[in-house]
Amino acid sequence: MLDDHRRLSQAVHQPALVRLHRALSRLRSVLTVMNTGAHPDDEMNGMLAALRFAYGMRVVVACSTRGEGGQNALGPERGGVLGVLRTAEMEEAARRMDADVAWLGHGPGDPVHDFGFSKNGDDTLRRWGEERVVERLVRAYRRYRPDIVIPTFLDVPGQHGHHRAMTRAAETALALAADPSAFPEHGAIDLRPWQVSKYYLPAWSGAGYAYDDEVPPPPATLNLEAAGGDEVTGLAYKQLGEWSRAAHASQGMGVWRDNPVDRWSLHLKVWSGGEAGSEYDIRDHVPATLADIAAMPGVSRPAAAALQEAQVQIDAAIAAFPNRSRIVDALSDAARRIEEARKDLGEEALSQLGHRLDRKLREIDAALFETSVNTARAVFDGSAHPGARLVLQAHIDAPGLSGVTTTPRLPAGVNATAMRDEPGLVQYEIAIPESAPHTRNYPEAFDPLGGNGEAGLRVASKVGERRIEVDLDLEKPLKIGPRHSLSLDPAVALIKVGEPASGIRVRTAGVEPTDWQVPVGWTVRQQGDAWVAVPPREVGAGIATLVPVVNGRPASSVRTIAYPHIRPTSIIETVELRVLSLDVSLPGEARIGYVGGGSDNVGAHLRRLGLDVTDLGEAELKAGSLSAFTTIVVGIFAFGLRRDLQAATERLHRFVEEGGHLVTLYHRPTDAWDPATTPPRRLVIGSPSLRWRVTDPAAPVRVLKPEHLLLTSPNCIDAGDWQGWDKERGLYFAAEYDAAYEELLALNDPGEKPLKGSLISARIGRGRHTHVSLVLHHQLDKLVPGAFRLLANLVQPA
C-alpha cells in the first residue's frame, strides 16, 4: 500500500473540484481519437491534452513496445525490468491526460518488443512479424472504435525503424479493421468490424537531436488550434502535455515552455467518406456530440429527440459547475434520456452507435460519483502469494451516496468473504488458492476510468434517483508472486580462466534454497550463513548458470520498482547466479574513481574484475584528492544527472594535465555536455543521433590503430572480442573533435559510411582523455567477454 506521505500528496494534487471538472469535461464529445507509437513517450501529449480537455474526446494511446530496449536516465533498470518501469511511466503519463493505453507488445518475451534502435521499418516488421502487428492494431481498432487515428511519426528515411513500422501498420490496419473477412476470429471475443473515419499524419518533421527525416512532411490540410488554455490550471495544453511527458522521467522528459502556442498542423491522408481535403475543424464530418448522433441516418425520431434532450442536459451540467445538486439533476436526466434512446435504436444503428452511448453512460456515472464523494480508496493489507489470506479494505467518504454496495473484482479462483461493512469502511478476507499462477509483469491495457489490474472493487450506489456503478482501482495493484521471494548477492560473478578455481561465496536473502540446479562439474555447498559455488577444476570460457531451488521449484524474486513519479510496481523474475569465465588481464597499479549517474552498472563490473574502485561523491569531486587515482571513469549521462560533476570539470581537466586518465562513457548532446568546456579538449557529440550510431551488434569493426596501447595492453583486443555483442555497437558517437584525439576504430551499419568517433583518445599534458561511445555498459550486463577485456584496457593508468 502507499505510504502516508504519498497518499497525502495524491489527495492534495487531485482535489475534488478538479476531479469533478475533469469528469464533466469528458461529456463534451462522443469521439475517440487514437494516437499510435512504438515506445512509451512517443505519444503527442500536448495535442492529446487539447483533444481531451478542450474538446472532450476520449484519447487512446496505442503503443507497440514497453521500451525495454531503451535507456534509463534514472537508475540501473535494464531489459525486462526497464520495460516494467516504462510501462508504469506510460500509465502515469496517460493518467495525467486522462487517456487509455492499448499495449500491442507484452515485454521482451513477446515477438513485438523493443529490440533496440532500428534504422529500417522493413527490418522492424520482419522481426516483429508484420501480420502479427497489423492484427493487434486491427484488434485495437475494433475494441476502442476510434473515429480518428493519428500516428506520431512519419514513415520516412531518417526516422526510427520502430516508428516507421508502426505508422505503416496503422495505415494497413484501417481497411482490414472494416473488412468482415479479415481476422474473423475476433468475433469470438465480441469484436466487430469497425471503420475508422479519418487517418491523419503529422504535417511536421520528426527531425531533432535524435532523428533526421530525409523528406519533408506532407502539406497541412488542417490547423488544429485550442485557444484559451486549460480551464482548470490556466496552462496551455502544451504545458499540460509536458506535465504528462514528465512521467517519462527515465528518459528525462518534461520541460517548461514559456508562451507555447497550442497549434498543430495535420495532414488528412484517408477519409472514409471520400477524397481527403481541407477542413476547418478536426470534428468535421464525424459525429462529435449526442446532438450530432441524433441527426444521423437510421436514428429513429423518438431516439433522436431523447438524444437531443440528453445533450441539453449535459450542456446544463457543465454550465452548472461547481453546483453539485444542479449537476446531479442534469446528469441524471441526461442518463435517463440516453437509456431511452438506446432502447429506440434499431439493431443496425445500435451496432454502429451503441458503444458511444454506453461510454457516455459510464462517463456520466463517473461524474455523478465525483459529485458525491470526498475520497474513495481500496487497499490490500498483506502479502499476495499462492495460499495467502489477506484483507481488502475499502475506505469511502461519500456523503452524497446512498445504498452503497461493493463487489470485489478478483482473479479466477480467488475468493472474497465479507468481514466488516460499516459506513466508510468495508473489509473482505481474500483467499488465494495454492494453484494460483503468478501475476504477469506486463498489463495489457490501462483505462483511466478504472478496472485496471487483476483486482479491484466495483462500487454501486444511488446518486439522487439514479443507480450508478464505478470501478475503483487499488492504490497498489494486486500482484500474486512467489510465496518465498529469494535474492542472491552476488547474482553475477567473474572467473579468470587459467587461475586456480576458488569458490564463489553467495549470500541469500529471503527463504533459503533447498537445492541447486548446476551445470556439469559444478557443486554448491552451504557454509555458515552463505553458500559456496565451486567450479570444475578446469573451467572453460563461457557462462555458467546456477539456479537455486525452493521446495522442488526454481526460486523466484519479487522486486519493487519505486520512484516518486510513478505508483509503486513490481516485477517477478526467476533467480539465478550467472558466472562468466573469461581470459582477462588487469592493468597494474590501477586505482579507479568511478562517477556514476545511477544509469549503469559499470562500477560494479569493475569491482567484479577485481580492480580497486572508489565511488566518487560530491565531497570527493569538490575537495577530495583526485591525484589518489590513476583513472577516473564517468558513467553514461552523468554530466546531465550530477551538478557536482558539472562543477568539477576544471578539477577533472587538471587531473588529466597532471597525469590522470579520464574515461568518459557516452553522453547525449542534451546531457549538459558543452563541447568546449565539458571534455578536456573540444569534442562534439553527433546530432541527430540517428546519423551517429551503429545499430547492428554484429557490424564489422575495423581497427585503425592496431598498435595503440588501449587495444593491446594488458589484453590484445582481437576479432573474437567483438563477437556476441547485443542490441547494437554504439551510439552518440563523437562527430567533431580536437586534433589531439586519435581515432581507434571505424564502424558502420550495412550500406553506410564508416564512423570513426566510437572510441577516441588523446594525450593531454601528462595524462589522457578517452571517450567511449560503444555500448560497453550494456555488453557488461549481458556478460560479453570482449567488453570486460576492453574495459580492463580502457581503465589503465595514463
# chains A, B, ... in the order shown; residues from 1 in each chain; ligands from 1
>>> closest_atom_pairs(of="segment 52-155 of chain A", to="segment 258-278 of chain A", cutoff="10 Å", atoms="only C-alpha atoms", output="JSON lines")
{"residue": "A:Ile148", "atom": "CA", "partner": "A:Trp271", "partner_atom": "CA", "distance": 9.4}
{"residue": "A:Val149", "atom": "CA", "partner": "A:Val270", "partner_atom": "CA", "distance": 9.8}
{"residue": "A:Ile150", "atom": "CA", "partner": "A:Leu266", "partner_atom": "CA", "distance": 8.8}
>>> residues_around(residues="Val391 of chain A", least_positions_apart="2", cutoff="8 Å", atoms="only C-alpha atoms", output="NGL selection string")
:A and (380-382 or 389 or 393 or 427-430)
>>> residues_around(residues="segment 502-506 of chain A", least_positions_apart="2", cutoff="7 Å", atoms="only C-alpha atoms", output="ChimeraX atom specification")
/A:488-490,500,508,530-535
>>> residues_around(residues="Val795 of chain A", least_positions_apart="5", cutoff="10 Å", atoms="only C-alpha atoms", output="list in words")
Leu586, Pro587, Ala590, Arg591, Ile592, Gly593, Leu606, Leu611, Thr630, Thr631, Ile632, Val633, His661, Leu662, Val663, Leu710, Thr770 and Leu790 of chain A
>>> closest_residue(among="A:Arg192, A:Lys198, A:Arg6, A:Arg362", to="Glu171 of chain A", atoms="only C-alpha atoms")
A:Lys198
>>> select_by_dssp(residues="segment 274-399 of chain A", states="helix (DSSP H, G or I)", output="compact mmCIF listing (two decimals) with N, CA, C and O atoms, in the first residue's frame")
# COMPACT_ATOMS: atom_id res chain seq x y z
N LEU A 290 -23.82 14.12 -28.80
CA LEU A 290 -25.08 13.36 -28.84
C LEU A 290 -26.06 14.00 -29.81
O LEU A 290 -26.83 13.31 -30.49
N ALA A 291 -26.04 15.34 -29.91
CA ALA A 291 -26.93 16.01 -30.85
C ALA A 291 -26.57 15.64 -32.29
O ALA A 291 -27.46 15.50 -33.14
N ASP A 292 -25.29 15.47 -32.58
CA ASP A 292 -24.88 15.03 -33.92
C ASP A 292 -25.38 13.62 -34.21
O ASP A 292 -25.79 13.30 -35.33
N ILE A 293 -25.31 12.74 -33.20
CA ILE A 293 -25.82 11.37 -33.39
C ILE A 293 -27.31 11.41 -33.69
O ILE A 293 -27.81 10.65 -34.53
N ALA A 294 -28.03 12.31 -33.02
CA ALA A 294 -29.47 12.41 -33.23
C ALA A 294 -29.81 12.71 -34.69
O ALA A 294 -30.88 12.32 -35.19
N ARG A 301 -37.02 8.77 -34.80
CA ARG A 301 -37.41 10.08 -34.29
C ARG A 301 -37.44 10.11 -32.76
O ARG A 301 -36.93 11.07 -32.16
N PRO A 302 -38.03 9.09 -32.09
CA PRO A 302 -38.00 9.13 -30.61
C PRO A 302 -36.58 9.10 -30.05
O PRO A 302 -36.28 9.81 -29.08
N ALA A 303 -35.71 8.29 -30.65
CA ALA A 303 -34.32 8.23 -30.18
C ALA A 303 -33.63 9.56 -30.39
O ALA A 303 -32.88 10.05 -29.53
N ALA A 304 -33.87 10.19 -31.54
CA ALA A 304 -33.26 11.49 -31.82
C ALA A 304 -33.70 12.54 -30.81
O ALA A 304 -32.89 13.33 -30.31
N ALA A 305 -35.00 12.54 -30.51
CA ALA A 305 -35.50 13.52 -29.54
C ALA A 305 -34.87 13.31 -28.18
O ALA A 305 -34.50 14.27 -27.48
N ALA A 306 -34.73 12.05 -27.76
CA ALA A 306 -34.14 11.75 -26.46
C ALA A 306 -32.67 12.18 -26.43
O ALA A 306 -32.19 12.72 -25.42
N LEU A 307 -31.94 11.94 -27.52
CA LEU A 307 -30.53 12.32 -27.56
C LEU A 307 -30.36 13.83 -27.57
O LEU A 307 -29.43 14.36 -26.94
N GLN A 308 -31.22 14.52 -28.26
CA GLN A 308 -31.14 15.99 -28.26
C GLN A 308 -31.38 16.55 -26.86
O GLN A 308 -30.69 17.46 -26.41
N GLU A 309 -32.34 15.97 -26.15
CA GLU A 309 -32.60 16.42 -24.78
C GLU A 309 -31.44 16.05 -23.86
O GLU A 309 -31.06 16.82 -22.95
N ALA A 310 -30.85 14.87 -24.08
CA ALA A 310 -29.69 14.47 -23.28
C ALA A 310 -28.54 15.46 -23.48
O ALA A 310 -27.84 15.82 -22.52
N GLN A 311 -28.38 15.93 -24.73
CA GLN A 311 -27.32 16.92 -24.99
C GLN A 311 -27.59 18.21 -24.25
O GLN A 311 -26.69 18.83 -23.67
N VAL A 312 -28.84 18.63 -24.23
CA VAL A 312 -29.21 19.85 -23.49
C VAL A 312 -28.85 19.71 -22.02
O VAL A 312 -28.31 20.63 -21.39
N GLN A 313 -29.13 18.55 -21.45
CA GLN A 313 -28.87 18.33 -20.02
C GLN A 313 -27.37 18.24 -19.73
O GLN A 313 -26.90 18.71 -18.69
N ILE A 314 -26.62 17.64 -20.64
CA ILE A 314 -25.17 17.59 -20.45
C ILE A 314 -24.59 19.00 -20.49
O ILE A 314 -23.74 19.37 -19.65
N ASP A 315 -25.03 19.80 -21.45
CA ASP A 315 -24.57 21.20 -21.51
C ASP A 315 -24.93 21.94 -20.23
O ASP A 315 -24.14 22.75 -19.72
N ALA A 316 -26.12 21.67 -19.70
CA ALA A 316 -26.54 22.32 -18.46
C ALA A 316 -25.67 21.89 -17.29
O ALA A 316 -25.33 22.70 -16.42
N ALA A 317 -25.31 20.62 -17.25
CA ALA A 317 -24.46 20.12 -16.15
C ALA A 317 -23.09 20.77 -16.19
O ALA A 317 -22.55 21.18 -15.15
N ILE A 318 -22.52 20.90 -17.38
CA ILE A 318 -21.21 21.53 -17.50
C ILE A 318 -21.29 23.00 -17.09
O ILE A 318 -20.43 23.51 -16.37
N ALA A 319 -22.36 23.68 -17.52
CA ALA A 319 -22.53 25.09 -17.17
C ALA A 319 -22.79 25.29 -15.68
O ALA A 319 -22.48 26.35 -15.14
N ALA A 320 -23.34 24.26 -15.00
CA ALA A 320 -23.69 24.39 -13.58
C ALA A 320 -22.49 24.24 -12.66
O ALA A 320 -22.60 24.53 -11.46
N ARG A 324 -23.15 21.21 -7.25
CA ARG A 324 -23.26 19.76 -7.33
C ARG A 324 -24.71 19.31 -7.48
O ARG A 324 -25.00 18.37 -8.23
N SER A 325 -25.66 19.94 -6.77
CA SER A 325 -27.04 19.47 -6.84
C SER A 325 -27.61 19.69 -8.24
O SER A 325 -28.32 18.82 -8.78
N ARG A 326 -27.29 20.81 -8.87
CA ARG A 326 -27.77 21.05 -10.22
C ARG A 326 -27.10 20.10 -11.21
O ARG A 326 -27.73 19.64 -12.17
N ILE A 327 -25.83 19.79 -10.99
CA ILE A 327 -25.14 18.84 -11.86
C ILE A 327 -25.79 17.47 -11.75
O ILE A 327 -26.04 16.78 -12.76
N VAL A 328 -26.10 17.04 -10.52
CA VAL A 328 -26.74 15.73 -10.32
C VAL A 328 -28.08 15.67 -11.05
O VAL A 328 -28.37 14.70 -11.75
N ASP A 329 -28.88 16.69 -10.92
CA ASP A 329 -30.19 16.69 -11.58
C ASP A 329 -30.04 16.59 -13.10
O ASP A 329 -30.73 15.81 -13.76
N ALA A 330 -29.13 17.41 -13.65
CA ALA A 330 -28.98 17.44 -15.11
C ALA A 330 -28.42 16.12 -15.63
O ALA A 330 -28.91 15.58 -16.64
N LEU A 331 -27.41 15.58 -14.97
CA LEU A 331 -26.80 14.35 -15.45
C LEU A 331 -27.72 13.15 -15.27
O LEU A 331 -27.73 12.23 -16.11
N SER A 332 -28.47 13.13 -14.20
CA SER A 332 -29.43 12.03 -14.01
C SER A 332 -30.45 12.02 -15.15
O SER A 332 -30.79 10.96 -15.69
N ASP A 333 -30.91 13.19 -15.51
CA ASP A 333 -31.87 13.28 -16.61
C ASP A 333 -31.20 12.90 -17.93
O ASP A 333 -31.79 12.22 -18.78
N ALA A 334 -29.96 13.35 -18.16
CA ALA A 334 -29.24 13.01 -19.39
C ALA A 334 -29.08 11.50 -19.52
O ALA A 334 -29.29 10.93 -20.60
N ALA A 335 -28.72 10.84 -18.42
CA ALA A 335 -28.54 9.39 -18.46
C ALA A 335 -29.86 8.69 -18.79
O ALA A 335 -29.91 7.74 -19.59
N ARG A 336 -30.95 9.16 -18.19
CA ARG A 336 -32.25 8.55 -18.46
C ARG A 336 -32.62 8.70 -19.93
O ARG A 336 -33.11 7.76 -20.56
N ARG A 337 -32.35 9.86 -20.50
CA ARG A 337 -32.67 10.09 -21.91
C ARG A 337 -31.81 9.21 -22.82
O ARG A 337 -32.29 8.69 -23.84
N ILE A 338 -30.54 9.04 -22.48
CA ILE A 338 -29.68 8.18 -23.29
C ILE A 338 -30.17 6.74 -23.26
O ILE A 338 -30.20 6.04 -24.29
N GLU A 339 -30.56 6.28 -22.09
CA GLU A 339 -31.08 4.91 -21.98
C GLU A 339 -32.37 4.76 -22.79
O GLU A 339 -32.58 3.71 -23.43
N GLU A 340 -33.22 5.77 -22.80
CA GLU A 340 -34.43 5.73 -23.62
C GLU A 340 -34.06 5.64 -25.10
O GLU A 340 -34.65 4.85 -25.86
N ALA A 341 -33.11 6.45 -25.52
CA ALA A 341 -32.70 6.45 -26.92
C ALA A 341 -32.13 5.10 -27.32
O ALA A 341 -32.38 4.61 -28.42
N ARG A 342 -31.36 4.52 -26.43
CA ARG A 342 -30.75 3.22 -26.75
C ARG A 342 -31.81 2.17 -27.04
O ARG A 342 -31.66 1.33 -27.94
N LYS A 343 -32.90 2.19 -26.27
CA LYS A 343 -33.98 1.22 -26.47
C LYS A 343 -34.70 1.45 -27.79
O LYS A 343 -35.26 0.51 -28.37
N ASP A 344 -34.68 2.69 -28.28
CA ASP A 344 -35.41 3.01 -29.51
C ASP A 344 -34.56 2.88 -30.76
O ASP A 344 -35.05 3.13 -31.87
N GLU A 347 -31.41 -2.37 -34.64
CA GLU A 347 -30.23 -3.22 -34.46
C GLU A 347 -29.01 -2.69 -35.22
O GLU A 347 -27.90 -2.66 -34.70
N GLU A 348 -29.24 -2.25 -36.47
CA GLU A 348 -28.12 -1.76 -37.26
C GLU A 348 -27.55 -0.47 -36.68
O GLU A 348 -26.33 -0.30 -36.56
N ALA A 349 -28.42 0.47 -36.29
CA ALA A 349 -27.95 1.72 -35.70
C ALA A 349 -27.25 1.45 -34.37
O ALA A 349 -26.23 2.08 -34.05
N LEU A 350 -27.77 0.51 -33.61
CA LEU A 350 -27.17 0.19 -32.31
C LEU A 350 -25.76 -0.38 -32.49
O LEU A 350 -24.86 -0.10 -31.70
N SER A 351 -25.56 -1.18 -33.54
CA SER A 351 -24.24 -1.77 -33.76
C SER A 351 -23.20 -0.71 -34.08
O SER A 351 -22.00 -0.89 -33.81
N GLN A 352 -23.63 0.42 -34.67
CA GLN A 352 -22.70 1.47 -35.03
C GLN A 352 -22.60 2.57 -33.97
O GLN A 352 -21.57 3.24 -33.87
N LEU A 353 -23.65 2.73 -33.18
CA LEU A 353 -23.70 3.86 -32.25
C LEU A 353 -23.74 3.46 -30.78
O LEU A 353 -23.50 4.28 -29.90
N GLY A 354 -24.08 2.20 -30.53
CA GLY A 354 -24.28 1.77 -29.14
C GLY A 354 -23.08 1.99 -28.26
O GLY A 354 -23.21 2.34 -27.08
N HIS A 355 -21.86 1.80 -28.83
CA HIS A 355 -20.66 1.96 -28.00
C HIS A 355 -20.50 3.40 -27.52
O HIS A 355 -20.00 3.65 -26.43
N ARG A 356 -20.95 4.37 -28.33
CA ARG A 356 -20.85 5.77 -27.92
C ARG A 356 -21.79 6.05 -26.74
O ARG A 356 -21.42 6.75 -25.80
N LEU A 357 -22.99 5.50 -26.82
CA LEU A 357 -23.96 5.73 -25.74
C LEU A 357 -23.53 5.01 -24.47
O LEU A 357 -23.66 5.55 -23.36
N ASP A 358 -23.02 3.78 -24.61
CA ASP A 358 -22.55 3.04 -23.44
C ASP A 358 -21.41 3.78 -22.76
O ASP A 358 -21.34 3.86 -21.52
N ARG A 359 -20.50 4.31 -23.55
CA ARG A 359 -19.38 5.06 -23.00
C ARG A 359 -19.87 6.30 -22.28
O ARG A 359 -19.41 6.65 -21.19
N LYS A 360 -20.85 6.99 -22.89
CA LYS A 360 -21.34 8.22 -22.26
C LYS A 360 -22.02 7.92 -20.94
O LYS A 360 -21.88 8.67 -19.97
N LEU A 361 -22.75 6.80 -20.86
CA LEU A 361 -23.38 6.42 -19.59
C LEU A 361 -22.33 6.13 -18.53
O LEU A 361 -22.50 6.50 -17.36
N ARG A 362 -21.27 5.47 -18.93
CA ARG A 362 -20.20 5.18 -17.96
C ARG A 362 -19.55 6.47 -17.49
O ARG A 362 -19.23 6.64 -16.31
N GLU A 363 -19.35 7.41 -18.41
CA GLU A 363 -18.74 8.69 -18.04
C GLU A 363 -19.68 9.50 -17.14
O GLU A 363 -19.21 10.19 -16.22
N ILE A 364 -20.98 9.42 -17.39
CA ILE A 364 -21.94 10.13 -16.53
C ILE A 364 -21.92 9.53 -15.13
O ILE A 364 -21.93 10.26 -14.12
N ASP A 365 -21.86 8.19 -15.02
CA ASP A 365 -21.76 7.57 -13.70
C ASP A 365 -20.51 8.06 -12.97
O ASP A 365 -20.54 8.34 -11.76
N ALA A 366 -19.38 8.14 -13.70
CA ALA A 366 -18.14 8.62 -13.07
C ALA A 366 -18.29 10.05 -12.60
O ALA A 366 -17.81 10.42 -11.50
N ALA A 367 -18.94 10.90 -13.38
CA ALA A 367 -19.14 12.29 -12.97
C ALA A 367 -20.08 12.39 -11.78
O ALA A 367 -19.83 13.17 -10.85
N LEU A 368 -21.16 11.60 -11.77
CA LEU A 368 -22.07 11.60 -10.62
C LEU A 368 -21.36 11.12 -9.36
O LEU A 368 -21.59 11.63 -8.26
N PHE A 369 -20.50 10.14 -9.50
CA PHE A 369 -19.72 9.66 -8.36
C PHE A 369 -18.86 10.80 -7.81
O PHE A 369 -18.78 11.00 -6.59
N GLU A 370 -18.24 11.58 -8.71
CA GLU A 370 -17.39 12.68 -8.26
C GLU A 370 -18.19 13.78 -7.58
O GLU A 370 -17.67 14.51 -6.73
N THR A 371 -19.46 13.94 -7.94
CA THR A 371 -20.27 14.96 -7.26
C THR A 371 -20.53 14.60 -5.81
O THR A 371 -20.88 15.48 -5.00
N SER A 372 -20.35 13.33 -5.46
CA SER A 372 -20.85 12.82 -4.18
C SER A 372 -19.78 12.27 -3.26
O SER A 372 -20.09 11.89 -2.13
>>> closest_residue(among="A:Thr221, A:Ser300, A:Ser585, A:Gln239", to="Glu279 of chain A", atoms="only C-alpha atoms")
A:Thr221
>>> closest_residue(among="A:Ile189, A:Val694, A:Leu577, A:Ala99", to="Pro548 of chain A", atoms="only C-alpha atoms")
A:Leu577
>>> residues_around(residues="Leu392 of chain A", least_positions_apart="4", cutoff="12 Å", atoms="only C-alpha atoms", output="count of residues only")
37
>>> select_by_dssp(residues="segment 115-231 of chain A", states="strand (DSSP E)", output="list in words")
Ile148, Val149, Ile150, Pro151, Lys198, Tyr199, Tyr200, Leu201, Pro202, Leu222, Asn223, Leu224 and Glu225 of chain A
>>> write_last_selection(atoms="C-alpha atoms", output="PDB file, in the first residue's frame")
ATOM      1  CA  ILE A 148      -9.669   9.326 -35.775  1.00  0.00           C
ATOM      2  CA  VAL A 149      -6.232   7.697 -35.892  1.00  0.00           C
ATOM      3  CA  ILE A 150      -3.033   9.780 -35.821  1.00  0.00           C
ATOM      4  CA  PRO A 151       0.461   8.227 -35.821  1.00  0.00           C
ATOM      5  CA  LYS A 198     -10.150   9.732 -40.526  1.00  0.00           C
ATOM      6  CA  TYR A 199      -6.465   8.933 -40.664  1.00  0.00           C
ATOM      7  CA  TYR A 200      -4.091  11.876 -40.224  1.00  0.00           C
ATOM      8  CA  LEU A 201      -0.331  12.213 -40.487  1.00  0.00           C
ATOM      9  CA  PRO A 202       1.637  14.889 -38.651  1.00  0.00           C
ATOM     10  CA  LEU A 222      -5.933  21.132 -41.011  1.00  0.00           C
ATOM     11  CA  ASN A 223      -4.556  23.523 -38.422  1.00  0.00           C
ATOM     12  CA  LEU A 224      -5.766  22.268 -35.065  1.00  0.00           C
ATOM     13  CA  GLU A 225      -5.864  25.148 -32.612  1.00  0.00           C
TER      14      GLU A 225
END
>>> residues_around(residues="Gly540 of chain A", least_positions_apart="4", cutoff="9 Å", atoms="only C-alpha atoms", output="PDB file with N, CA and C atoms, in the first residue's frame")
ATOM      1  N   VAL A 497      39.974 -17.385 -16.429  1.00  0.00           N
ATOM      2  CA  VAL A 497      40.455 -18.668 -16.950  1.00  0.00           C
ATOM      3  C   VAL A 497      41.957 -18.771 -16.720  1.00  0.00           C
ATOM      4  N   GLY A 498      42.391 -19.930 -16.298  1.00  0.00           N
ATOM      5  CA  GLY A 498      43.813 -20.156 -16.096  1.00  0.00           C
ATOM      6  C   GLY A 498      44.282 -19.943 -14.680  1.00  0.00           C
ATOM      7  N   PRO A 536      34.302 -26.396 -11.724  1.00  0.00           N
ATOM      8  CA  PRO A 536      35.163 -27.541 -12.003  1.00  0.00           C
ATOM      9  C   PRO A 536      36.643 -27.151 -11.906  1.00  0.00           C
ATOM     10  N   SER A 581      33.225 -16.993 -17.129  1.00  0.00           N
ATOM     11  CA  SER A 581      34.635 -17.376 -17.110  1.00  0.00           C
ATOM     12  C   SER A 581      35.285 -16.766 -18.345  1.00  0.00           C
ATOM     13  N   LEU A 582      36.345 -15.998 -18.140  1.00  0.00           N
ATOM     14  CA  LEU A 582      36.975 -15.349 -19.287  1.00  0.00           C
ATOM     15  C   LEU A 582      38.467 -15.199 -19.083  1.00  0.00           C
TER      16      LEU A 582
END
>>> residues_around(residues="Leu747 of chain A", least_positions_apart="4", cutoff="7 Å", atoms="only C-alpha atoms", output="PyMOL selection string")
chain A and resi 694+699-702+754-756
>>> write_last_selection(atoms="C-alpha atoms", output="PDB file, in the first residue's frame")
ATOM      1  CA  VAL A 694      25.777   1.720 -35.345  1.00  0.00           C
ATOM      2  CA  ALA A 699      28.667  -4.804 -37.602  1.00  0.00           C
ATOM      3  CA  PRO A 700      32.306  -5.284 -38.634  1.00  0.00           C
ATOM      4  CA  VAL A 701      34.867  -3.412 -36.561  1.00  0.00           C
ATOM      5  CA  ARG A 702      37.930  -2.058 -38.362  1.00  0.00           C
ATOM      6  CA  PRO A 754      32.251   4.267 -41.624  1.00  0.00           C
ATOM      7  CA  LEU A 755      32.064   6.287 -38.418  1.00  0.00           C
ATOM      8  CA  LYS A 756      35.310   6.888 -36.536  1.00  0.00           C
TER       9      LYS A 756
END
